[in-house]
Amino acid sequence: MNYLFGGYPSVPTTGIVAAGLDHGRFSKPQTLIKADYTTYFDSYNHVLATIQKTAGKGGIGLYDHNGKLLQEIQESEKPACYLCFSHDGRHLVTTNYHEGTAHIYAYDGQLTLVKRLVFGDGAKMHCAWFDKADQRLILSALGLDQLIVLDQELNELKRIDFPKGSGVRHLVSDVQDHYLYAVSELSNEIFVIDLSDLSIIQQLSMLMDETQPSAGAAIRLSKDGRHLYASTRGQDLIVHFHVMKNGQLELNEIYHCNHQTPRDFLLSEDEKYMLIAYQDSDCIDSVALNADMALRETVDTLKLPKIVCIKAFTQ
């Protein structure tokens with residue numbers, strides 16, 4: 001198991017870098033993919049798809065497990081901000097914050113554009129989520145304070161409205177797809193959505209001090225669905241919630257990070273450590289978790305600049 005790190009262009013590590021983890025300590029990092037603007041990526045069946053710049057424009061690169069380029073697509077003037085495969089690997093979606101678009105591709109070893117959705121640059125499209133049966137696709141429109149729900153034929157079913165100024169950003173669902181959890185960038189909140197009727201059933205702040213600026217970033221759930229985490233930049237926190245049987249959340253811990261601008265983070269495969277990428281401190285911390293999966297001491301730090309995406313990847 002390798003952990004992959006990508007982010008904004010930097011010298012000398014532009015591209016996607018791989019490192020192992022042994023008892024919380026990183027192995028020597030190795031560049032897997034040399035590309036520009038690898039700010040988000042995803043994998044399916046040992047194939048890696050990444051956002052990147054192609055001839056100075058926004059694009060997608062498909063790579064095999066050894067980093068060999070399989071396909072390259074020029075998509076738009078500016079790079080997308082998010083990309084993900086469907087669970088069955090038959091589709092890939094990108095969302096573009098700057099241009100307010102989403103692109104849906106069919107995938108059968110090669111990517112073929114199926115549909116381009118235009119919501120306007122004010123929509124600030126940020127992420128995409130497939131339910132586990134790939135029957136519904138939900139897109140976050142950060143600028144509209146909405147989640148846009150599409151059916152299997154990519155027709156719009158509903159828009160879920162959030163309080164004005166929320167800026168809903170990233171999504172994660174529970175194991176059974178009963179509940180969807182959203183982190184908001186602008187209001188620094190976690191919202192719990194009941195997926196049976198697409199209603200918001202809980203709204204919680206991530207902040208200890210509401211007067212200090214911060215910006216919600218990433219959200220993750222443990223494998224058993226009992227622990228939810230979210231990061232916020234500015235106040236530089238990882239917030240840890242217990243997930244109750246009714247899907248609602250109870251605050252367990254607010255962890256003060258060691259460095260500036262915690263962006264993406266990831267639980268290790270054995271869930272004994274959390275890897276936290278700091279965009280503005282140019283490093284990744286490996287932090288030990290206790291029996292309750294609360295964050296404790298830092299075990300190791302890997303120096304890499306401008307990292308904003310972490311994924312596990314089996315080669």
# chains A, B, ... in the order shown; residues from 1 in each chain; ligands from 1
>>> select_by_dssp(residues="range 172-254 of chain A", states="strand (DSSP E or B)", output="PDB file with C-alpha atoms, in the first residue's frame")
ATOM      1  CA  VAL A 172     -18.856  11.757   2.377  1.00  0.00           C
ATOM      2  CA  SER A 173     -21.545   9.140   3.090  1.00  0.00           C
ATOM      3  CA  TYR A 179     -26.694   9.701   5.521  1.00  0.00           C
ATOM      4  CA  LEU A 180     -24.560  12.180   3.644  1.00  0.00           C
ATOM      5  CA  TYR A 181     -22.166  14.501   5.474  1.00  0.00           C
ATOM      6  CA  ALA A 182     -21.137  17.851   3.986  1.00  0.00           C
ATOM      7  CA  VAL A 183     -18.443  20.275   5.128  1.00  0.00           C
ATOM      8  CA  SER A 184     -18.947  23.944   4.263  1.00  0.00           C
ATOM      9  CA  GLU A 189     -20.082  23.767   9.476  1.00  0.00           C
ATOM     10  CA  ILE A 190     -20.956  20.102   9.100  1.00  0.00           C
ATOM     11  CA  PHE A 191     -24.382  19.276   7.688  1.00  0.00           C
ATOM     12  CA  VAL A 192     -26.039  15.857   7.989  1.00  0.00           C
ATOM     13  CA  ILE A 193     -28.396  14.968   5.122  1.00  0.00           C
ATOM     14  CA  ASP A 194     -30.903  12.109   5.262  1.00  0.00           C
ATOM     15  CA  SER A 199     -33.425  16.707   3.965  1.00  0.00           C
ATOM     16  CA  ILE A 200     -30.899  18.384   6.261  1.00  0.00           C
ATOM     17  CA  ILE A 201     -31.318  16.890   9.753  1.00  0.00           C
ATOM     18  CA  GLN A 202     -28.358  18.422  11.622  1.00  0.00           C
ATOM     19  CA  GLN A 203     -26.083  21.456  11.384  1.00  0.00           C
ATOM     20  CA  LEU A 204     -22.989  21.891  13.591  1.00  0.00           C
ATOM     21  CA  SER A 205     -20.154  24.414  13.813  1.00  0.00           C
ATOM     22  CA  ALA A 215     -12.189  27.906   5.820  1.00  0.00           C
ATOM     23  CA  GLY A 216     -13.539  24.354   5.899  1.00  0.00           C
ATOM     24  CA  ALA A 217     -11.646  21.965   3.645  1.00  0.00           C
ATOM     25  CA  ALA A 218     -11.854  18.146   3.732  1.00  0.00           C
ATOM     26  CA  ILE A 219     -14.093  15.536   5.356  1.00  0.00           C
ATOM     27  CA  ARG A 220     -13.465  11.820   6.041  1.00  0.00           C
ATOM     28  CA  LEU A 221     -15.257   8.920   7.713  1.00  0.00           C
ATOM     29  CA  HIS A 227     -15.910   8.501  13.461  1.00  0.00           C
ATOM     30  CA  LEU A 228     -16.167  11.575  11.254  1.00  0.00           C
ATOM     31  CA  TYR A 229     -13.383  14.130  10.792  1.00  0.00           C
ATOM     32  CA  ALA A 230     -13.194  17.501   9.045  1.00  0.00           C
ATOM     33  CA  SER A 231     -10.410  20.052   8.545  1.00  0.00           C
ATOM     34  CA  THR A 232     -10.543  23.835   8.560  1.00  0.00           C
ATOM     35  CA  ARG A 233      -7.827  26.256   7.466  1.00  0.00           C
ATOM     36  CA  LEU A 237      -8.071  22.435  13.183  1.00  0.00           C
ATOM     37  CA  ILE A 238      -9.120  18.828  12.682  1.00  0.00           C
ATOM     38  CA  VAL A 239     -12.542  18.307  14.265  1.00  0.00           C
ATOM     39  CA  HIS A 240     -13.510  14.768  15.338  1.00  0.00           C
ATOM     40  CA  PHE A 241     -17.138  13.703  15.812  1.00  0.00           C
ATOM     41  CA  HIS A 242     -18.702  10.472  17.022  1.00  0.00           C
ATOM     42  CA  VAL A 243     -21.459   9.245  14.698  1.00  0.00           C
ATOM     43  CA  LEU A 249     -22.983  13.743  15.203  1.00  0.00           C
ATOM     44  CA  GLU A 250     -21.581  14.411  18.651  1.00  0.00           C
ATOM     45  CA  LEU A 251     -18.362  16.401  19.070  1.00  0.00           C
ATOM     46  CA  ASN A 252     -15.504  14.332  20.510  1.00  0.00           C
ATOM     47  CA  GLU A 253     -12.364  16.437  19.989  1.00  0.00           C
ATOM     48  CA  ILE A 254     -10.970  19.570  18.380  1.00  0.00           C
TER      49      ILE A 254
END
>>> residues_around(residues="Gly24 in chain A", least_positions_apart="2", cutoff="9 Å", atoms="only C-alpha atoms", output="NGL selection string")
:A and (21-22 or 26 or 268 or 272-275 or 286-288 or 298-300)
>>> closest_residue(among="A:Ala55, A:Leu62, A:Ile16, A:Leu186", to="Asp145 in chain A", atoms="only C-alpha atoms")
A:Leu186
>>> residues_around(residues="Ala19 in chain A", least_positions_apart="3", cutoff="6 Å", atoms="only C-alpha atoms", output="ChimeraX atom specification")
/A:2-3,27,29
>>> residues_around(residues="Cys283 in chain A", least_positions_apart="6", cutoff="7 Å", atoms="only C-alpha atoms", output="list in words")
Ala277, Thr301, Leu302, Lys303, Leu304 and Pro305 of chain A
>>> residues_around(residues="Pro163 in chain A", least_positions_apart="6", cutoff="10 Å", atoms="only C-alpha atoms", output="list in words")
Leu144, Asp145, Gln146 and Ser187 of chain A
>>> write_last_selection(atoms="all heavy atoms", output="mmCIF file, in the first residue's frame")
data_model
loop_
_atom_site.group_PDB
_atom_site.id
_atom_site.type_symbol
_atom_site.label_atom_id
_atom_site.label_comp_id
_atom_site.auth_asym_id
_atom_site.auth_seq_id
_atom_site.Cartn_x
_atom_site.Cartn_y
_atom_site.Cartn_z
ATOM 1 N N LEU A 144 -23.505 28.572 -4.958
ATOM 2 C CA LEU A 144 -24.969 28.650 -4.914
ATOM 3 C C LEU A 144 -25.538 28.176 -3.582
ATOM 4 O O LEU A 144 -26.755 28.258 -3.374
ATOM 5 C CB LEU A 144 -25.582 27.812 -6.045
ATOM 6 C CG LEU A 144 -25.194 28.183 -7.478
ATOM 7 C CD1 LEU A 144 -25.852 27.227 -8.464
ATOM 8 C CD2 LEU A 144 -25.564 29.626 -7.791
ATOM 9 N N ASP A 145 -24.669 27.641 -2.703
ATOM 10 C CA ASP A 145 -25.123 27.045 -1.441
ATOM 11 C C ASP A 145 -26.140 25.952 -1.697
ATOM 12 O O ASP A 145 -27.191 25.859 -1.048
ATOM 13 C CB ASP A 145 -25.720 28.114 -0.510
ATOM 14 C CG ASP A 145 -24.712 29.196 -0.156
ATOM 15 O OD1 ASP A 145 -23.568 28.849 0.184
ATOM 16 O OD2 ASP A 145 -25.061 30.390 -0.250
ATOM 17 N N GLN A 146 -25.805 25.077 -2.662
ATOM 18 C CA GLN A 146 -26.720 23.995 -3.041
ATOM 19 C C GLN A 146 -25.961 22.705 -3.325
ATOM 20 O O GLN A 146 -24.798 22.731 -3.764
ATOM 21 C CB GLN A 146 -27.500 24.358 -4.304
ATOM 22 C CG GLN A 146 -28.525 25.458 -4.131
ATOM 23 C CD GLN A 146 -29.244 25.767 -5.430
ATOM 24 O OE1 GLN A 146 -28.692 25.624 -6.516
ATOM 25 N NE2 GLN A 146 -30.499 26.197 -5.323
ATOM 26 N N SER A 187 -18.919 28.815 6.004
ATOM 27 C CA SER A 187 -19.508 28.902 7.346
ATOM 28 C C SER A 187 -18.858 27.944 8.342
ATOM 29 O O SER A 187 -19.189 27.958 9.527
ATOM 30 C CB SER A 187 -21.019 28.630 7.281
ATOM 31 O OG SER A 187 -21.265 27.292 6.880
#
>>> residues_around(residues="His91 in chain A", least_positions_apart="3", cutoff="6 Å", atoms="only C-alpha atoms", output="MDAnalysis selection string")
chainID A and resid 85:86 105:107
